[in-house]
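Content type CSV, C-alpha atoms, from the file structure_39.csv:
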chain,number,residue,atom,x,y,z
A,138,MET,CA,46.9,93.7,14.1
A,139,LYS,CA,48.2,90.1,14.1
A,140,ARG,CA,44.7,88.8,14.2
A,141,ASN,CA,43.8,90.8,11.1
A,142,VAL,CA,46.7,89.4,9.2
A,143,LYS,CA,45.7,85.8,10.1
A,144,ILE,CA,42.1,86.5,8.9
A,145,ARG,CA,43.5,87.9,5.7
A,146,ILE,CA,45.8,85.0,5.0
A,147,GLY,CA,42.8,82.7,5.8
A,148,TYR,CA,40.4,84.1,3.3
A,149,ILE,CA,42.9,84.7,0.6
A,150,SER,CA,44.1,81.1,0.8
A,151,THR,CA,40.5,79.9,0.8
A,152,TYR,CA,39.8,82.0,-2.3
A,153,VAL,CA,42.9,80.7,-4.1
A,154,LEU,CA,42.1,77.1,-3.2
A,155,PHE,CA,38.6,77.6,-4.5
A,156,LEU,CA,39.9,78.9,-7.8
A,157,VAL,CA,42.5,76.2,-8.2
A,158,VAL,CA,39.9,73.4,-7.4
A,159,SER,CA,37.4,75.1,-9.8
A,160,PHE,CA,39.9,75.1,-12.6
A,161,ILE,CA,40.9,71.5,-12.1
A,162,LEU,CA,37.4,70.2,-11.9
A,163,GLY,CA,36.1,72.6,-14.6
A,164,TYR,CA,33.6,74.3,-12.3
A,165,ASN,CA,32.4,77.2,-14.4
A,166,PRO,CA,31.3,79.8,-11.8
A,167,GLY,CA,34.7,79.4,-10.1
A,168,LYS,CA,36.5,79.8,-13.5
A,169,GLU,CA,34.5,82.9,-14.2
A,170,ILE,CA,35.4,84.5,-10.9
A,171,GLY,CA,39.0,83.7,-11.6
A,172,PHE,CA,38.8,85.5,-15.0
A,173,ASN,CA,37.1,88.5,-13.4
A,174,PHE,CA,39.9,88.6,-10.9
A,175,ILE,CA,42.6,88.6,-13.6
A,176,SER,CA,40.9,91.1,-15.8
A,177,PHE,CA,40.5,93.6,-12.9
A,178,LEU,CA,44.0,92.9,-11.7
A,179,ILE,CA,45.3,93.8,-15.2
A,180,TYR,CA,43.1,96.9,-15.2
A,181,MET,CA,44.6,98.1,-11.9
A,182,LEU,CA,48.1,97.3,-12.8
A,183,LYS,CA,47.7,99.6,-15.8
A,184,ILE,CA,46.7,102.6,-13.8
A,185,LEU,CA,48.3,102.2,-10.4
A,186,PRO,CA,52.0,102.4,-11.2
A,187,CYS,CA,51.6,105.9,-12.8
A,188,ALA,CA,49.4,107.0,-9.9
A,189,PHE,CA,51.8,106.0,-7.2
A,190,ILE,CA,54.9,107.3,-9.0
A,191,LEU,CA,53.2,110.7,-9.3
A,192,ILE,CA,52.2,110.5,-5.6
A,193,GLY,CA,55.9,109.8,-4.7
A,194,LEU,CA,57.0,112.8,-6.8
A,195,PHE,CA,54.3,115.0,-5.3
A,196,GLU,CA,55.5,114.1,-1.7
A,197,VAL,CA,59.1,114.9,-2.5
A,198,TRP,CA,58.7,118.0,-4.6
A,199,ILE,CA,55.7,119.9,-3.4
A,200,LYS,CA,56.3,121.9,-0.2
A,201,LYS,CA,53.9,121.7,2.6
A,202,GLU,CA,53.5,125.5,2.7
A,203,VAL,CA,52.3,125.6,-0.9
A,204,ILE,CA,49.5,123.2,-0.2
A,205,GLU,CA,48.6,124.9,3.1
A,206,LYS,CA,48.4,128.2,1.4
A,207,HIS,CA,46.3,127.2,-1.6
A,208,LEU,CA,44.3,124.3,-0.2
A,209,GLY,CA,44.6,124.7,3.5
A,210,GLU,CA,42.5,126.4,6.2
A,211,GLU,CA,43.3,129.9,4.8
A,212,SER,CA,42.3,129.0,1.2
A,213,GLY,CA,39.0,130.4,0.1
A,214,ILE,CA,36.8,129.7,-2.9
A,215,LYS,CA,40.0,129.5,-5.0
A,216,GLY,CA,41.0,126.3,-3.2
A,217,TYR,CA,37.8,124.6,-4.4
A,218,VAL,CA,38.4,125.8,-8.0
A,219,TRP,CA,42.0,124.4,-7.9
A,220,ILE,CA,41.0,121.1,-6.5
A,221,ILE,CA,38.2,120.5,-8.9
A,222,LEU,CA,40.5,121.3,-11.8
A,223,LEU,CA,43.1,118.9,-10.4
A,224,ALA,CA,40.4,116.2,-9.9
A,225,GLY,CA,39.1,116.8,-13.5
A,226,THR,CA,42.4,116.1,-15.1
A,227,ILE,CA,43.6,113.0,-13.1
A,228,ALA,CA,42.5,109.7,-14.5
A,229,GLY,CA,41.6,106.6,-12.5
A,230,GLY,CA,38.5,107.3,-10.5
A,231,LEU,CA,38.1,106.5,-6.8
A,232,LEU,CA,40.9,103.9,-6.6
A,233,VAL,CA,43.5,106.5,-7.4
A,234,ALA,CA,41.6,109.3,-5.7
A,235,PHE,CA,41.9,107.8,-2.2
A,236,PRO,CA,45.8,107.7,-2.0
A,237,ILE,CA,46.0,111.1,-3.7
A,238,ALA,CA,43.5,112.6,-1.2
A,239,TYR,CA,45.5,111.1,1.6
A,240,SER,CA,48.7,112.7,0.4
A,241,LEU,CA,47.0,116.0,0.0
A,242,TYR,CA,45.7,115.8,3.5
A,243,ASN,CA,49.1,115.1,4.9
A,244,LYS,CA,50.6,118.0,3.0
A,245,GLY,CA,48.1,120.3,4.8
A,246,ALA,CA,45.0,120.4,2.6
A,247,LYS,CA,41.9,121.0,4.7
A,248,LEU,CA,39.3,118.2,5.1
A,249,SER,CA,36.5,119.9,3.0
A,250,ILE,CA,39.0,120.3,0.1
A,251,VAL,CA,40.0,116.6,0.5
A,252,PHE,CA,36.4,115.4,0.3
A,253,THR,CA,35.6,117.7,-2.6
A,254,TYR,CA,38.6,116.2,-4.4
A,255,ILE,CA,37.3,112.7,-3.9
A,256,GLY,CA,33.8,113.6,-5.0
A,257,ALA,CA,35.0,115.6,-8.0
A,258,ALA,CA,37.4,112.8,-9.0
A,259,ALA,CA,34.4,110.5,-9.1
A,260,ILE,CA,32.1,112.6,-11.1
A,261,CYS,CA,33.9,115.2,-13.3
A,262,ARG,CA,37.0,113.8,-14.8
A,263,VAL,CA,37.2,115.4,-18.2
A,264,PRO,CA,38.0,112.4,-20.5
A,265,MET,CA,35.3,110.4,-18.8
A,266,THR,CA,32.7,113.2,-19.0
A,267,LEU,CA,33.3,113.5,-22.7
A,268,TYR,CA,33.0,109.8,-23.1
A,269,GLU,CA,29.8,109.8,-21.1
A,270,ALA,CA,28.3,112.6,-23.2
A,271,SER,CA,29.0,110.7,-26.4
A,272,PHE,CA,26.8,107.8,-25.2
A,273,MET,CA,24.2,109.6,-23.1
A,274,GLY,CA,24.0,113.0,-24.7
A,275,VAL,CA,25.2,116.4,-23.5
A,276,LYS,CA,22.0,117.2,-21.7
A,277,PHE,CA,22.3,114.1,-19.4
A,278,THR,CA,25.9,114.8,-18.6
A,279,MET,CA,25.3,118.5,-17.9
A,280,ILE,CA,22.4,117.9,-15.6
A,281,ARG,CA,24.6,115.4,-13.7
A,282,LEU,CA,27.5,117.7,-13.4
A,283,LEU,CA,25.6,120.9,-12.5
A,284,ILE,CA,23.6,119.2,-9.8
A,285,SER,CA,26.1,116.8,-8.3
A,286,LEU,CA,29.1,119.2,-8.1
A,287,PRO,CA,27.5,121.9,-5.9
A,288,LEU,CA,26.1,119.1,-3.7
A,289,VAL,CA,29.6,117.5,-3.4
A,290,ILE,CA,31.1,120.9,-2.4
A,291,ILE,CA,28.3,121.7,0.2
A,292,THR,CA,28.4,118.3,1.8
A,293,SER,CA,32.2,118.3,1.8
A,294,ILE,CA,32.2,121.6,3.7
A,295,LEU,CA,29.6,120.3,6.2
A,296,LEU,CA,31.5,117.0,6.7
A,297,GLY,CA,34.8,118.8,7.0
A,298,ASP,CA,33.4,121.2,9.7
A,299,TYR,CA,31.8,118.3,11.6
A,300,LEU,CA,35.0,116.3,11.6
A,301,THR,CA,37.3,119.2,12.5
A,302,LYS,CA,35.1,119.9,15.5
A,303,GLY,CA,35.5,116.3,16.6
A,304,ASN,CA,39.3,116.5,16.2
A,305,TYR,CA,39.3,113.9,13.5
A,306,LYS,CA,42.7,112.7,12.3
A,307,MET,CA,43.4,110.3,9.4
A,308,ALA,CA,45.4,107.2,10.0
A,309,GLU,CA,49.2,107.7,9.9
A,310,GLY,CA,51.8,106.2,7.7
A,311,LYS,CA,49.8,104.7,4.8
B,146,MET,CA,46.0,105.3,-21.0
B,147,TYR,CA,49.1,105.8,-23.1
B,148,TYR,CA,49.2,109.5,-22.6
B,149,THR,CA,49.1,109.0,-18.8
B,150,TYR,CA,52.3,106.9,-19.1
B,151,ALA,CA,53.9,109.3,-21.5
B,152,ILE,CA,53.2,112.3,-19.1
B,153,THR,CA,54.3,110.3,-16.0
B,154,GLY,CA,57.5,109.2,-17.8
B,155,LEU,CA,58.2,112.8,-18.9
B,156,ILE,CA,57.7,114.2,-15.4
B,157,LEU,CA,59.9,111.5,-13.9
B,158,LEU,CA,62.6,112.2,-16.4
B,159,ILE,CA,62.5,116.0,-15.7
B,160,SER,CA,62.6,115.3,-12.0
B,161,PHE,CA,65.6,113.0,-12.5
B,162,ILE,CA,67.5,115.6,-14.4
B,163,ILE,CA,66.8,118.3,-11.9
B,164,ASN,CA,67.5,116.2,-8.8
B,165,ARG,CA,68.6,112.6,-8.9
B,166,GLN,CA,68.5,112.0,-5.1
B,167,LYS,CA,65.0,113.4,-4.7
B,168,THR,CA,63.7,111.4,-7.6
B,169,ILE,CA,65.1,108.2,-6.1
B,170,LYS,CA,63.5,109.1,-2.8
B,171,ALA,CA,60.2,109.7,-4.6
B,172,ILE,CA,60.3,106.2,-6.2
B,173,LYS,CA,61.1,104.7,-2.8
B,174,ILE,CA,58.1,106.4,-1.3
B,175,SER,CA,56.0,105.1,-4.1
B,176,PHE,CA,57.2,101.5,-3.5
B,177,ILE,CA,56.5,101.8,0.3
B,178,LYS,CA,53.0,103.1,-0.3
B,179,VAL,CA,52.2,100.4,-2.8
B,180,LYS,CA,53.6,97.7,-0.5
B,181,LYS,CA,51.4,98.9,2.4
B,182,ILE,CA,48.2,99.1,0.4
B,183,PHE,CA,48.7,96.0,-1.8
B,184,PRO,CA,47.0,93.4,0.6
B,185,THR,CA,43.9,95.7,0.7
B,186,PHE,CA,43.9,95.8,-3.1
B,187,ILE,CA,43.9,92.0,-3.2
B,188,THR,CA,40.9,91.9,-0.8
B,189,MET,CA,39.1,94.4,-3.0
B,190,LEU,CA,39.9,92.4,-6.2
B,191,ILE,CA,38.4,89.3,-4.5
B,192,LEU,CA,35.2,91.2,-3.8
B,193,VAL,CA,35.1,92.6,-7.3
B,194,SER,CA,35.5,89.2,-8.9
B,195,VAL,CA,32.7,87.6,-6.9
B,196,ILE,CA,30.3,90.6,-7.2
B,197,LEU,CA,30.8,90.8,-11.0
B,198,PHE,CA,30.0,87.1,-11.2
B,199,LEU,CA,26.8,87.7,-9.3
B,200,PHE,CA,25.8,90.7,-11.4
B,201,PRO,CA,26.9,90.2,-15.0
B,202,ASP,CA,25.7,92.7,-17.6
B,203,GLU,CA,22.6,90.7,-18.5
B,204,VAL,CA,21.4,90.6,-14.9
B,205,ILE,CA,22.0,94.4,-14.6
B,206,SER,CA,20.0,95.0,-17.8
B,207,ASN,CA,17.1,92.9,-16.5
B,208,TYR,CA,17.0,94.8,-13.2
B,209,LEU,CA,17.2,98.2,-14.8
B,210,GLY,CA,14.5,97.4,-17.3
B,211,ASN,CA,11.9,96.7,-14.7
B,212,SER,CA,8.4,97.9,-15.6
B,213,SER,CA,8.1,100.2,-12.6
B,214,LYS,CA,10.4,103.3,-13.0
B,215,PHE,CA,10.7,103.8,-9.3
B,216,ILE,CA,11.6,100.2,-8.5
B,217,SER,CA,14.2,100.4,-11.4
B,218,LEU,CA,15.5,103.6,-9.9
B,219,LEU,CA,16.1,101.9,-6.5
B,220,LEU,CA,17.5,98.7,-8.0
B,221,ALA,CA,19.8,100.8,-10.2
B,222,SER,CA,21.2,102.8,-7.3
B,223,PHE,CA,21.8,99.6,-5.2
B,224,ILE,CA,23.5,97.8,-8.1
B,225,GLY,CA,25.5,100.9,-8.9
B,226,SER,CA,26.6,101.1,-5.3
B,227,ILE,CA,27.7,97.5,-4.9
B,228,THR,CA,29.4,97.0,-8.2
B,229,LEU,CA,32.6,98.5,-9.6
B,230,MET,CA,33.0,99.1,-13.3
B,231,PRO,CA,35.3,101.4,-15.3
B,232,GLY,CA,33.6,104.1,-17.2
B,233,PHE,CA,34.6,102.6,-20.5
B,234,VAL,CA,32.3,99.6,-19.7
B,235,ALA,CA,29.6,101.4,-17.9
B,236,PHE,CA,28.7,104.1,-20.4
B,237,PRO,CA,28.4,101.9,-23.5
B,238,LEU,CA,26.2,99.5,-21.4
B,239,SER,CA,24.1,102.5,-20.4
B,240,GLY,CA,23.9,103.7,-24.0
B,241,ILE,CA,22.6,100.3,-25.1
B,242,LEU,CA,20.0,100.3,-22.2
B,243,LEU,CA,18.9,103.7,-23.3
B,244,THR,CA,18.1,102.5,-26.8
B,245,LYS,CA,16.1,99.7,-25.1
B,246,GLY,CA,13.9,102.2,-23.4
B,247,VAL,CA,15.4,102.4,-20.0
B,248,PRO,CA,14.6,105.9,-18.6
B,249,TYR,CA,17.4,108.5,-18.2
B,250,MET,CA,16.8,108.8,-14.5
B,251,VAL,CA,17.4,105.1,-13.9
B,252,LEU,CA,20.7,105.2,-15.9
B,253,SER,CA,21.6,108.4,-14.0
B,254,ALA,CA,21.1,106.6,-10.7
B,255,PHE,CA,23.1,103.6,-12.0
B,256,THR,CA,26.1,105.6,-13.3
B,257,THR,CA,26.3,108.1,-10.5
B,258,THR,CA,26.2,105.6,-7.7
B,259,LEU,CA,28.7,103.5,-9.7
B,260,MET,CA,31.1,106.4,-9.7
B,261,MET,CA,30.5,107.9,-6.3
B,262,VAL,CA,29.5,105.1,-4.0
B,263,GLY,CA,31.9,102.2,-3.4
B,264,ILE,CA,30.9,99.3,-1.2
B,265,ILE,CA,33.6,97.3,-2.9
B,266,THR,CA,36.2,100.0,-2.4
B,267,PHE,CA,35.2,100.1,1.3
B,268,PRO,CA,38.3,98.1,2.5
B,269,LEU,CA,40.6,100.5,0.6
B,270,GLU,CA,38.8,103.8,1.6
B,271,LYS,CA,38.7,102.6,5.3
B,272,GLU,CA,42.5,102.1,5.3
B,273,TYR,CA,43.1,105.8,4.6
B,274,PHE,CA,40.1,107.5,6.2
B,275,GLY,CA,38.8,105.1,8.9
B,276,VAL,CA,35.5,103.3,9.1
B,277,LYS,CA,33.3,106.2,10.3
B,278,VAL,CA,34.3,108.7,7.6
B,279,THR,CA,34.0,106.0,4.9
B,280,VAL,CA,30.5,105.1,6.0
B,281,ILE,CA,29.4,108.8,6.2
B,282,ARG,CA,30.9,109.7,2.8
B,283,ASN,CA,29.3,106.8,1.0
B,284,ILE,CA,25.9,107.5,2.5
B,285,ILE,CA,26.1,111.2,1.5
B,286,SER,CA,27.2,110.1,-2.0
B,287,PHE,CA,24.3,107.7,-2.3
B,288,PHE,CA,21.8,110.5,-1.5
B,289,ILE,CA,23.5,112.9,-3.9
B,290,ALA,CA,23.2,110.3,-6.6
B,291,LEU,CA,19.4,109.9,-5.8
B,292,ILE,CA,18.9,113.6,-6.0
B,293,VAL,CA,20.7,113.8,-9.3
B,294,ALA,CA,18.7,110.9,-10.6
B,295,VAL,CA,15.3,112.5,-9.6
B,296,MET,CA,16.3,115.8,-11.1
B,297,THR,CA,17.4,114.1,-14.3
B,298,GLY,CA,13.9,112.4,-14.3
B,299,ILE,CA,12.2,115.8,-13.9
B,300,LEU,CA,14.2,117.6,-16.5
B,301,PHE,CA,13.7,114.8,-19.0
B,302,GLY,CA,10.0,114.8,-18.3
B,303,GLU,CA,10.1,111.2,-17.0
B,304,ILE,CA,8.4,111.9,-13.7
B,305,PHE,CA,5.7,114.5,-14.4
Let me see whether you can do it: turn the structure in this file into structure tokens.
Amino acid sequence: MKRNVKIRIGYISTYVLFLVVSFILGYNPGKEIGFNFISFLIYMLKILPCAFILIGLFEVWIKKEVIEKHLGEESGIKGYVWIILLAGTIAGGLLVAFPIAYSLYNKGAKLSIVFTYIGAAAICRVPMTLYEASFMGVKFTMIRLLISLPLVIITSILLGDYLTKGNYKMAEGK
Amino acid sequence: MYYTYAITGLILLISFIINRQKTIKAIKISFIKVKKIFPTFITMLILVSVILFLFPDEVISNYLGNSSKFISLLLASFIGSITLMPGFVAFPLSGILLTKGVPYMVLSAFTTTLMMVGIITFPLEKEYFGVKVTVIRNIISFFIALIVAVMTGILFGEIF
């Protein structure tokens, strides 16, 4: 782990040094990269606080039994319906989906449900879908949803089964 | 964006009224989680900033507007996989490309890989799920996106 930290400090400081030198010398590509960094940092700072506060509240308030019952090994088709509805209403895309999926898993959701959540969070968030349809047309959006969603569910079940057989466990304490 | 904050604020307030201790504990958990994942986010931001410099909108437009549909399809899915763009940037861009005559299936490959496949989010995904699962999930997502794109092409009459 120590070595990883050293590598990280190494490339982060190289990057910062590169940006500082670029700004001093007026090197345009470096400046552009710096602006990209800042605009994405702002974008993330806008969505992440909400996401992590909600994750914190989720961890404290929602009992493990509830998740196990509705999204765990015993849950049937209903579990998938619930998780797709949940994914459809939470903003933020993959960035936010990963930590939420991780919390769901630790509360007892089964793997196929966790992967369905990630896939659904990527493709069928309601506000984004409406936005997409307004630019690309309803037909385009419907084709995308109706084809990708079943594929996401099927592959999530297959991947979940495969990993469960191999005794897969997610990293702890993230 | 604002309604997300409003709802989060409201939930937090209700939680605080019902149980002060639990709410404080929840906020502590949030902080610990952010602290643990923050370095990975910085790594990701560095990647994003460089990739976006290498693939600005004009370059993406050029690649997607290639004369061969199938080359465009492949390029679109590769670019979609390695870049990261919020929907509010990606869809207007796709809308413009559509009016320029870029086929639906190419834009479908671009936007679907953009949403589902994350080479840039790899460091983050790996922290939670491990390298193996991250690689498998991204490969599966890539193929789902290709299938979606081809079906879009067929249903819009762009292939046959």
My list of candidates is A:Lys215, A:Lys276, A:Lys201, A:Lys206. Which is closest to chain B when distances are computed with only C-alpha atoms?
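Nearest to chain B: A:Lys276.
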Taking 5 positions as the minimum chain separation for residues in the same chain, which residues sit within 12 Å of Leu267 in chain A when counting only C-alpha atoms? Answer as a VMD selection string.
(chain A and resid 225 260 to 262 272 to 279 282) or (chain B and resid 232 to 233 236)
May I have the residues from that selection written out with C-alpha atoms, as a PDB file, in the frame of the given file?
ATOM      1  CA  GLY A 225      39.100 116.800 -13.500  1.00  0.00           C
ATOM      2  CA  ILE A 260      32.100 112.600 -11.100  1.00  0.00           C
ATOM      3  CA  CYS A 261      33.900 115.200 -13.300  1.00  0.00           C
ATOM      4  CA  ARG A 262      37.000 113.800 -14.800  1.00  0.00           C
ATOM      5  CA  PHE A 272      26.800 107.800 -25.200  1.00  0.00           C
ATOM      6  CA  MET A 273      24.200 109.600 -23.100  1.00  0.00           C
ATOM      7  CA  GLY A 274      24.000 113.000 -24.700  1.00  0.00           C
ATOM      8  CA  VAL A 275      25.200 116.400 -23.500  1.00  0.00           C
ATOM      9  CA  LYS A 276      22.000 117.200 -21.700  1.00  0.00           C
ATOM     10  CA  PHE A 277      22.300 114.100 -19.400  1.00  0.00           C
ATOM     11  CA  THR A 278      25.900 114.800 -18.600  1.00  0.00           C
ATOM     12  CA  MET A 279      25.300 118.500 -17.900  1.00  0.00           C
ATOM     13  CA  LEU A 282      27.500 117.700 -13.400  1.00  0.00           C
TER      14      LEU A 282
ATOM     15  CA  GLY B 232      33.600 104.100 -17.200  1.00  0.00           C
ATOM     16  CA  PHE B 233      34.600 102.600 -20.500  1.00  0.00           C
ATOM     17  CA  PHE B 236      28.700 104.100 -20.400  1.00  0.00           C
TER      18      PHE B 236
END
What's the 7 Å shell around range 283-298 of chain A, counting only C-alpha atoms, without same-chain residues fewer than 2 positions away, as a ChimeraX atom specification?
/A:248-249,252-253,256-257,279-281,300-302 /B:289,293
Output the contact residues of chain A with respect to chain B at a cut-off of 8 Å, based on all atoms listed in the file, as a ChimeraX atom specification.
/A:149,152,166,169-174,177-178,183-184,187,189-198,228,230-232,235-236,239,256,259-260,265,268-269,272-273,277,280-281,284-285,288-289,292,307-308,311
Please measure the separation of CA of Ile204 in chain A and CA of Trp219 in chain A, giving the value in Å to one decimal.
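Between these atoms lies a distance of 10.8 Å.
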Counting all atoms listed in the file, which residues sit no farther than 9 Å from the position (41.6, 121.4, -2.9) in the file's frame? I'd like them as a PDB file with C-alpha atoms, keeping the file's coordinate frame.
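To be explicit, this is the file written out as out-v3.pdb:
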ATOM      1  CA  ILE A 204      49.500 123.200  -0.200  1.00  0.00           C
ATOM      2  CA  HIS A 207      46.300 127.200  -1.600  1.00  0.00           C
ATOM      3  CA  LEU A 208      44.300 124.300  -0.200  1.00  0.00           C
ATOM      4  CA  GLY A 209      44.600 124.700   3.500  1.00  0.00           C
ATOM      5  CA  SER A 212      42.300 129.000   1.200  1.00  0.00           C
ATOM      6  CA  LYS A 215      40.000 129.500  -5.000  1.00  0.00           C
ATOM      7  CA  GLY A 216      41.000 126.300  -3.200  1.00  0.00           C
ATOM      8  CA  TYR A 217      37.800 124.600  -4.400  1.00  0.00           C
ATOM      9  CA  VAL A 218      38.400 125.800  -8.000  1.00  0.00           C
ATOM     10  CA  TRP A 219      42.000 124.400  -7.900  1.00  0.00           C
ATOM     11  CA  ILE A 220      41.000 121.100  -6.500  1.00  0.00           C
ATOM     12  CA  ILE A 221      38.200 120.500  -8.900  1.00  0.00           C
ATOM     13  CA  LEU A 222      40.500 121.300 -11.800  1.00  0.00           C
ATOM     14  CA  LEU A 223      43.100 118.900 -10.400  1.00  0.00           C
ATOM     15  CA  ALA A 224      40.400 116.200  -9.900  1.00  0.00           C
ATOM     16  CA  LEU A 241      47.000 116.000   0.000  1.00  0.00           C
ATOM     17  CA  ALA A 246      45.000 120.400   2.600  1.00  0.00           C
ATOM     18  CA  LYS A 247      41.900 121.000   4.700  1.00  0.00           C
ATOM     19  CA  LEU A 248      39.300 118.200   5.100  1.00  0.00           C
ATOM     20  CA  SER A 249      36.500 119.900   3.000  1.00  0.00           C
ATOM     21  CA  ILE A 250      39.000 120.300   0.100  1.00  0.00           C
ATOM     22  CA  VAL A 251      40.000 116.600   0.500  1.00  0.00           C
ATOM     23  CA  PHE A 252      36.400 115.400   0.300  1.00  0.00           C
ATOM     24  CA  THR A 253      35.600 117.700  -2.600  1.00  0.00           C
ATOM     25  CA  TYR A 254      38.600 116.200  -4.400  1.00  0.00           C
TER      26      TYR A 254
END
Taking 5 positions as the minimum chain separation for residues in the same chain, which residues sit within 8 Å of range 209-211 of chain B when counting only C-alpha atoms? Answer as JSON, numbers by chain.
{"B": [216, 217, 218, 220, 221, 242, 246, 247, 251, 252]}
Put range 219-234 of chain A into a file with N, CA, C and O atoms, as a compact mmCIF listing (two decimals), in the first residue's frame.
# COMPACT_ATOMS: atom_id res chain seq x y z
N TRP A 219 -37.69 -2.90 -8.36
CA TRP A 219 -37.33 -1.89 -7.37
C TRP A 219 -36.03 -1.19 -7.72
O TRP A 219 -35.92 0.03 -7.68
N ILE A 220 -35.03 -2.00 -8.06
CA ILE A 220 -33.70 -1.43 -8.25
C ILE A 220 -33.65 -0.55 -9.50
O ILE A 220 -32.95 0.46 -9.53
N ILE A 221 -34.44 -0.92 -10.53
CA ILE A 221 -34.46 -0.09 -11.74
C ILE A 221 -35.17 1.23 -11.46
O ILE A 221 -34.74 2.29 -11.90
N LEU A 222 -36.24 1.17 -10.66
CA LEU A 222 -36.92 2.41 -10.27
C LEU A 222 -35.98 3.30 -9.47
O LEU A 222 -35.90 4.51 -9.68
N LEU A 223 -35.24 2.68 -8.56
CA LEU A 223 -34.30 3.45 -7.75
C LEU A 223 -33.24 4.10 -8.64
O LEU A 223 -32.96 5.30 -8.52
N ALA A 224 -32.68 3.30 -9.55
CA ALA A 224 -31.64 3.81 -10.44
C ALA A 224 -32.18 4.93 -11.32
O ALA A 224 -31.49 5.91 -11.58
N GLY A 225 -33.44 4.79 -11.75
CA GLY A 225 -34.02 5.78 -12.65
C GLY A 225 -34.21 7.14 -12.02
O GLY A 225 -34.25 8.15 -12.72
N THR A 226 -34.32 7.17 -10.71
CA THR A 226 -34.61 8.45 -10.06
C THR A 226 -33.39 9.11 -9.43
O THR A 226 -33.47 10.26 -9.01
N ILE A 227 -32.26 8.41 -9.37
CA ILE A 227 -31.09 9.03 -8.75
C ILE A 227 -30.19 9.65 -9.82
O ILE A 227 -29.83 8.99 -10.79
N ALA A 228 -29.87 10.92 -9.64
CA ALA A 228 -29.05 11.62 -10.63
C ALA A 228 -27.57 11.27 -10.46
O ALA A 228 -27.18 10.66 -9.47
N GLY A 229 -26.77 11.63 -11.44
CA GLY A 229 -25.32 11.56 -11.23
C GLY A 229 -24.55 10.54 -12.04
O GLY A 229 -23.33 10.62 -12.12
N GLY A 230 -25.22 9.57 -12.64
CA GLY A 230 -24.50 8.63 -13.50
C GLY A 230 -23.57 7.68 -12.74
O GLY A 230 -23.73 7.47 -11.54
N LEU A 231 -22.60 7.14 -13.48
CA LEU A 231 -21.74 6.11 -12.91
C LEU A 231 -20.97 6.56 -11.67
O LEU A 231 -20.82 5.81 -10.72
N LEU A 232 -20.51 7.81 -11.68
CA LEU A 232 -19.70 8.31 -10.56
C LEU A 232 -20.40 8.09 -9.23
O LEU A 232 -19.80 7.71 -8.24
N VAL A 233 -21.68 8.38 -9.22
CA VAL A 233 -22.47 8.26 -8.01
C VAL A 233 -22.94 6.81 -7.82
O VAL A 233 -23.08 6.32 -6.69
N ALA A 234 -23.15 6.12 -8.94
CA ALA A 234 -23.68 4.75 -8.87
C ALA A 234 -22.72 3.79 -8.16
O ALA A 234 -23.16 2.91 -7.43
